[in-house]
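See below for the structure under consideration.
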Amino acid sequence: MPEEAGFPPAKRFRPGSGPPSRAGSFPPGRRVVMLLTAGSGGRGGGGGRRQQPPLAQPSASPYPEAVELQRRSLPIFQARGQLLAQLRNLDNAVLIGETGSGKTTQIPQYLYEGGISRQGIIAVTQPRRVAAISLATRVSDEKRTELGKLVGYTVRFDDVTSEDTRIKFLTDGMLLREAISDSLLRKYSCVILDEAHERTIHTDVLFGVVKAAQKRRKELGKLPLKVIVMSATMDVDLFSQYFNGAPVLYLEGRQHPIQVFYTKQPQNDYLHAALVSVFQIHQDILVFLTGQEEIEAMSKTCRDIAKHLPDGCPAMLVLPLYASLPYAQQLRVFQGAPKGYRKVIISTNIAETSITITGIKYVVDTGMVKAKKYNPDSGLEVLAVQRVSKTQAWQRTGRAGREDSGICYRLYTEEEFEKFDKMTVPEIQRCNLASVMLQLLAMKVPNVLTFDFMSKPSPDHIQAAIAQLDLLGALEHKDDQLTLTPIGRKMAAFPLEPKFAKTILMSPKFHCTEEILTIVSLLSVDSILHNPPSRRDEVQGVRKKFTSSEGDHITLLNIYRTFKSIGGNKDWCKENFVNSKNMILVAEVRAQLRDICLKMSMPIMSSRGDMESVRRCLAHSLFMSTAELQPDGTYATTDTHQPVAIHPSSVLFHCKPACVVYTELLYTNKCYMRDLCVVDAEWLYEAAPEYFRRKLRTARN
DNA sequence: GAGCACTGC
């Protein structure tokens, strides 16, 4: 046990002053149209809290009166009339609502009851599928209608709407996809962008899309489009400014008070500090760390220490939590600990927003997160452990006050906290923009280079995406105007990264569309390979029979084919260390992609075991992502001569092929290539002679 | 020689 264990937390922590009071965080001069007060409110306010329902939804009461009573008891209900009167007359509004304010479930109903949806549907976007589905379920229960009639939802692979649907919950990505076929969003009278504070890349693009649609519809004298932005944080200046100074409406919720403690001294080892804290707080705890490896190691250490606790100390149930953990193991965090046990959940930021665990009173925040950063100089995305933003820290803190008052221990000083960034950099400034640019071009945005983003990505960043699309043959430059080529338009039809869409479109030339559909599907979902570190030898033994010396793509294809040919099921997956949930998803994606091909009247053929055609096809479409073996035994990318290495997860890790294409570069400690395919340098040259004229080392020799 | 935050179409 760590030596400090046993000291009461107060010895090492000191209470913080908490976030600014609500009223205080409004900049002076702000036009606050409405201030609703109901419920207790709390000190923990100010952070990015959200109101996603828990995974396990309590079913609605079978008694209509009870449902109605519950609706009326929500804080928001008292402001119903006032809200509706305001919203009816506004084109734009920004709504801040705390957890439990009921804004997401009630506002769409108020608008519906107020007749807003008579001429068009009310859309409510969500960043996550589960949220869209469970919210639609709840609202349709409240309206006492069948799901899919008055209230429905649309997410990928699942459209539960009908001609009667007036309130439609959908993922932000889904509405964006709809905008490709109708950029004016004609079927909607109102779009509510919920959870806007999360600033997902899709929501950020939608900001621009709905703003443009609103303006254009007005110019054309069509049905006006009402846009409501909903956020759980106070930082709404940007939203309000962007939507022409839209009024901000504030709704108070029912957050419980949370006491915040900071360390007295900066901690240079956050892992050690976290470990000590876990044993000092003899309660159920949620600990935030950065990644799988760290979490597994910490879990093991905690279990080992807990074995030797003195008599009278409650035993400890340690539960790791991260996205790639098999679903059944994720579910364990929702179950109560056995009697006499205390529950310690060690989690990534998945527990910040995606998974809500009720009954957590204690949160330990290391202040660290693993996140993608974009390096505009190299154009590379870097995955790095870094400080959280203030908003993120408040989000974590808020997880302690879901059911009752709580306590949050921050493993950093208050002075350190003050230096954290105010907000997390929006995703749109941290990712490759090729997909976004392709989608905007498909919507016929007049000038993508000057598109009205709320937070503009740098010009270099946009230019890099345009260059990538150009290489893929998606762009046409006409009179200083960028438009899509016929291939570019087809690429936009696929829910894929542009380069994968291109791979599919190239495949008929190599008579291997069936194989490529499988490979692209496998690459576009989370890995189907399950690699428990404790059973590494076993995994290697089992996987050997699928391994191809031609690389990861062919190996994955082998696994999928075997799974299909023997009628694979869950047991087969378990025996072969395959993640069955992801495997099912691959089949769904594949069916969707195949449908799109059929609609385009693409010939769909199989290469019937000829893997060289498949590799040629990959070489012809991924030629900008290649690396070559150097005389010193290392690898360098062909285009920029960036030093790269084969990722340890690759089947080629111990091999040294002369030339490979990869599907992803991942910068962690080193720059790693993931998902490799052995190719012939000659093929690359054939694919893009201009591009490779002076680049290829092997072809030159 | 040695490793993969989180979503979503």
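Ligands are numbered from 1 in the order shown, chains are lettered A, B, ... in the order of the structure tokens, and residues start at 1 in each chain.
Near chain B, counting only C-alpha atoms (C1' of nucleotides) at 7 Å, the chain A residues are Arg128, Arg156, Gly173, Met174, Arg177, Thr290, Gly291, Ile350, Lys370, Ala371, Pro495 and Pro648 of chain A.
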Quick one: write out the picked residues with C-alpha atoms as a PDB file, in the first residue's frame?
```pdb
ATOM      1  CA  ARG A 128     -24.713   9.843 -30.132  1.00  0.00           C
ATOM      2  CA  ARG A 156     -27.527   4.871 -39.322  1.00  0.00           C
ATOM      3  CA  GLY A 173     -24.102  13.050 -38.757  1.00  0.00           C
ATOM      4  CA  MET A 174     -27.415  11.815 -40.112  1.00  0.00           C
ATOM      5  CA  ARG A 177     -26.022  13.371 -44.695  1.00  0.00           C
ATOM      6  CA  THR A 290      -6.216   8.406 -20.090  1.00  0.00           C
ATOM      7  CA  GLY A 291      -6.135   5.010 -21.799  1.00  0.00           C
ATOM      8  CA  ILE A 350     -15.985   7.622 -21.986  1.00  0.00           C
ATOM      9  CA  LYS A 370      -5.616  11.289 -24.307  1.00  0.00           C
ATOM     10  CA  ALA A 371      -6.825  13.214 -27.302  1.00  0.00           C
ATOM     11  CA  PRO A 495     -20.568   7.108 -45.565  1.00  0.00           C
ATOM     12  CA  PRO A 648       3.072  -3.737 -33.361  1.00  0.00           C
TER      13      PRO A 648
END
```
Practice item. Compile the contact shell of segment 94-96 of chain A as a PyMOL selection string: residues with an atom at most 6 Å away, counting only C-alpha atoms (C1' of nucleotides), same-chain residues fewer than 6 positions apart removed. Key: chain A and resi 228-232+248-251
Residues from the last selection, N, CA and C atoms, saved as a short mmCIF file (atom, residue, chain, number, x, y, z; two decimals), in the first residue's frame:
```cif
data_model
loop_
_atom_site.label_atom_id
_atom_site.label_comp_id
_atom_site.auth_asym_id
_atom_site.auth_seq_id
_atom_site.Cartn_x
_atom_site.Cartn_y
_atom_site.Cartn_z
N ILE A 228 -32.63 26.32 -33.17
CA ILE A 228 -32.44 26.46 -31.73
C ILE A 228 -31.18 25.69 -31.35
N VAL A 229 -30.26 26.39 -30.71
CA VAL A 229 -29.03 25.75 -30.26
C VAL A 229 -29.15 25.49 -28.77
N MET A 230 -28.94 24.24 -28.36
CA MET A 230 -29.04 23.92 -26.94
C MET A 230 -27.67 23.51 -26.41
N SER A 231 -27.34 24.05 -25.26
CA SER A 231 -26.03 23.79 -24.69
C SER A 231 -26.16 23.59 -23.18
N ALA A 232 -25.24 22.82 -22.63
CA ALA A 232 -25.26 22.62 -21.18
C ALA A 232 -24.26 23.53 -20.49
N VAL A 248 -30.39 34.56 -25.61
CA VAL A 248 -30.01 33.40 -24.82
C VAL A 248 -31.05 33.17 -23.75
N LEU A 249 -31.63 31.99 -23.74
CA LEU A 249 -32.62 31.65 -22.72
C LEU A 249 -31.98 30.67 -21.75
N TYR A 250 -32.20 30.92 -20.49
CA TYR A 250 -31.52 30.13 -19.48
C TYR A 250 -32.51 29.32 -18.66
N LEU A 251 -32.23 28.05 -18.52
CA LEU A 251 -33.11 27.17 -17.75
C LEU A 251 -32.33 26.53 -16.62
#
```
Exercise for review: Identify, with DSSP run on backbone atoms, the residues in segment 435-662 of chain A assigned to helix (DSSP H, G or I), and express the list as a ChimeraX atom specification.
Suggested key: /A:435-442,448-450,459-471,486-492,498-510,513-524,533-543,552-565,570-575,580-599,611-621
Output of the above residues as a CSV table (one decimal), in the first residue's frame, restricted to C-alpha atoms:
```csv
chain,number,residue,atom,x,y,z
A,435,SER,CA,-14.7,14.3,-45.6
A,436,VAL,CA,-16.1,17.6,-44.5
A,437,MET,CA,-14.9,19.4,-47.6
A,438,LEU,CA,-16.3,16.6,-49.8
A,439,GLN,CA,-19.7,16.9,-48.1
A,440,LEU,CA,-19.7,20.7,-48.4
A,441,LEU,CA,-18.9,20.4,-52.1
A,442,ALA,CA,-21.6,17.8,-52.5
A,448,VAL,CA,-15.8,25.9,-49.5
A,449,LEU,CA,-12.6,27.9,-48.9
A,450,THR,CA,-14.6,30.7,-47.3
A,459,PRO,CA,-6.4,27.9,-44.2
A,460,ASP,CA,-3.5,25.3,-44.4
A,461,HIS,CA,-5.7,22.8,-42.8
A,462,ILE,CA,-8.5,23.3,-45.4
A,463,GLN,CA,-6.0,23.4,-48.2
A,464,ALA,CA,-4.5,20.1,-47.1
A,465,ALA,CA,-8.0,18.5,-47.4
A,466,ILE,CA,-8.6,20.0,-50.8
A,467,ALA,CA,-5.2,18.7,-52.0
A,468,GLN,CA,-6.1,15.2,-50.8
A,469,LEU,CA,-9.5,15.3,-52.6
A,470,ASP,CA,-7.7,16.6,-55.7
A,471,LEU,CA,-5.3,13.6,-55.6
A,486,PRO,CA,-18.6,12.7,-61.4
A,487,ILE,CA,-16.3,10.5,-59.3
A,488,GLY,CA,-16.2,13.0,-56.5
A,489,ARG,CA,-20.0,13.1,-56.5
A,490,LYS,CA,-20.1,9.3,-56.2
A,491,MET,CA,-17.5,9.4,-53.5
A,492,ALA,CA,-19.8,11.7,-51.4
A,498,PRO,CA,-13.0,9.8,-49.2
A,499,LYS,CA,-10.0,7.5,-49.8
A,500,PHE,CA,-12.1,4.4,-48.9
A,501,ALA,CA,-15.0,5.5,-51.1
A,502,LYS,CA,-12.4,5.9,-53.9
A,503,THR,CA,-11.1,2.4,-53.2
A,504,ILE,CA,-14.6,1.0,-53.8
A,505,LEU,CA,-15.1,3.0,-56.9
A,506,MET,CA,-11.8,1.7,-58.3
A,507,SER,CA,-12.6,-1.9,-57.6
A,508,PRO,CA,-14.6,-2.9,-60.7
A,509,LYS,CA,-11.5,-2.2,-62.7
A,510,PHE,CA,-9.8,-5.0,-60.8
A,513,THR,CA,-15.6,-5.3,-55.6
A,514,GLU,CA,-16.9,-8.1,-53.3
A,515,GLU,CA,-13.5,-8.3,-51.6
A,516,ILE,CA,-13.0,-4.6,-51.4
A,517,LEU,CA,-16.4,-4.0,-49.9
A,518,THR,CA,-15.5,-6.4,-47.1
A,519,ILE,CA,-12.1,-4.9,-46.5
A,520,VAL,CA,-13.4,-1.3,-46.5
A,521,SER,CA,-16.2,-2.3,-44.1
A,522,LEU,CA,-13.6,-4.0,-41.8
A,523,LEU,CA,-11.5,-0.8,-41.8
A,524,SER,CA,-14.3,1.6,-41.1
A,533,PRO,CA,-3.0,-8.8,-23.0
A,534,SER,CA,-3.1,-11.7,-20.5
A,535,ARG,CA,-3.7,-14.3,-23.2
A,536,ARG,CA,-1.3,-13.1,-25.8
A,537,ASP,CA,0.2,-16.4,-26.7
A,538,GLU,CA,-3.1,-18.0,-27.1
A,539,VAL,CA,-4.3,-15.2,-29.3
A,540,GLN,CA,-1.2,-15.5,-31.5
A,541,GLY,CA,-1.7,-19.3,-31.8
A,542,VAL,CA,-5.4,-18.9,-32.9
A,543,ARG,CA,-4.7,-16.1,-35.3
A,552,ASP,CA,-3.4,-6.9,-42.6
A,553,HIS,CA,-6.1,-6.2,-45.2
A,554,ILE,CA,-5.9,-9.8,-46.6
A,555,THR,CA,-5.6,-11.2,-43.1
A,556,LEU,CA,-8.8,-9.4,-42.0
A,557,LEU,CA,-10.5,-10.6,-45.2
A,558,ASN,CA,-9.5,-14.2,-44.4
A,559,ILE,CA,-11.1,-13.9,-41.0
A,560,TYR,CA,-14.4,-12.4,-42.3
A,561,ARG,CA,-14.6,-15.1,-45.1
A,562,THR,CA,-14.1,-17.9,-42.6
A,563,PHE,CA,-16.6,-16.4,-40.3
A,564,LYS,CA,-19.2,-16.3,-43.1
A,565,SER,CA,-18.4,-19.6,-44.7
A,570,LYS,CA,-20.7,-15.7,-31.0
A,571,ASP,CA,-19.0,-18.9,-29.9
A,572,TRP,CA,-16.8,-18.9,-33.0
A,573,CYS,CA,-15.9,-15.3,-32.3
A,574,LYS,CA,-15.0,-16.1,-28.7
A,575,GLU,CA,-12.8,-19.0,-29.6
A,580,SER,CA,-18.6,-10.3,-32.2
A,581,LYS,CA,-20.3,-7.0,-31.8
A,582,ASN,CA,-18.0,-5.3,-34.2
A,583,MET,CA,-18.2,-8.3,-36.6
A,584,ILE,CA,-22.0,-7.9,-36.8
A,585,LEU,CA,-21.4,-4.2,-37.4
A,586,VAL,CA,-19.1,-5.0,-40.3
A,587,ALA,CA,-21.8,-7.1,-42.0
A,588,GLU,CA,-24.2,-4.2,-41.6
A,589,VAL,CA,-21.8,-1.6,-43.0
A,590,ARG,CA,-21.0,-4.0,-45.9
A,591,ALA,CA,-24.7,-4.4,-46.7
A,592,GLN,CA,-25.1,-0.6,-46.7
A,593,LEU,CA,-22.1,0.0,-49.0
A,594,ARG,CA,-23.2,-2.8,-51.3
A,595,ASP,CA,-26.6,-1.1,-51.6
A,596,ILE,CA,-25.1,2.2,-52.6
A,597,CYS,CA,-23.0,0.4,-55.2
A,598,LEU,CA,-26.1,-1.3,-56.6
A,599,LYS,CA,-27.9,2.0,-56.8
A,611,MET,CA,-5.5,-11.6,-53.8
A,612,GLU,CA,-3.1,-9.8,-56.1
A,613,SER,CA,-6.0,-8.0,-57.8
A,614,VAL,CA,-7.2,-6.9,-54.4
A,615,ARG,CA,-3.8,-5.6,-53.5
A,616,ARG,CA,-3.5,-3.8,-56.9
A,617,CYS,CA,-6.8,-2.1,-56.2
A,618,LEU,CA,-5.6,-0.9,-52.8
A,619,ALA,CA,-2.3,0.3,-54.3
A,620,HIS,CA,-4.3,2.3,-57.0
A,621,SER,CA,-6.5,4.1,-54.5
```
Exercise for review: Determine, counting only C-alpha atoms (C1' of nucleotides), which protein, DNA and RNA residues have an atom within 9 Å of an atom of Lys168 of chain A; residues of the same chain fewer than 5 positions away are not included. Present the result as a PyMOL selection string.
Suggested key: chain A and resi 121-125+132+136+148+150-154+161
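One distance worth recording is that between atom CA of Gln280 of chain A and atom CA of Leu321 of chain A, which is 21.1 Å.
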Revision key, fill the gap. Atom pair atom CA of Gly114 of chain A + atom CA of Val130 of chain A, distance 27.7 Å
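Atom CA of Gly633 of chain A is positioned 20.7 Å from atom CA of Thr668 of chain A.
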Exercise for review: Apply DSSP to the backbone of this structure and, from segment 141-176 of chain A, keep only the residues in strand (DSSP E); write these as a ChimeraX atom specification.
Suggested key: /A:151-155,158-160,167-171
Keeping only C-alpha atoms, write the selected residues as a short mmCIF file (atom, residue, chain, number, x, y, z; two decimals), in the first residue's frame.
```cif
data_model
loop_
_atom_site.label_atom_id
_atom_site.label_comp_id
_atom_site.auth_asym_id
_atom_site.auth_seq_id
_atom_site.Cartn_x
_atom_site.Cartn_y
_atom_site.Cartn_z
CA VAL A 151 -42.22 10.86 -32.61
CA GLY A 152 -39.45 8.91 -34.30
CA TYR A 153 -35.74 8.67 -34.78
CA THR A 154 -33.26 8.22 -37.58
CA VAL A 155 -29.78 6.85 -37.02
CA ASP A 158 -32.19 2.33 -38.24
CA ASP A 159 -34.95 4.62 -39.42
CA VAL A 160 -38.00 4.57 -37.17
CA ILE A 167 -40.70 15.24 -33.97
CA LYS A 168 -37.63 13.47 -35.19
CA PHE A 169 -34.53 12.73 -33.15
CA LEU A 170 -31.47 12.03 -35.23
CA THR A 171 -27.70 11.95 -34.98
#
```
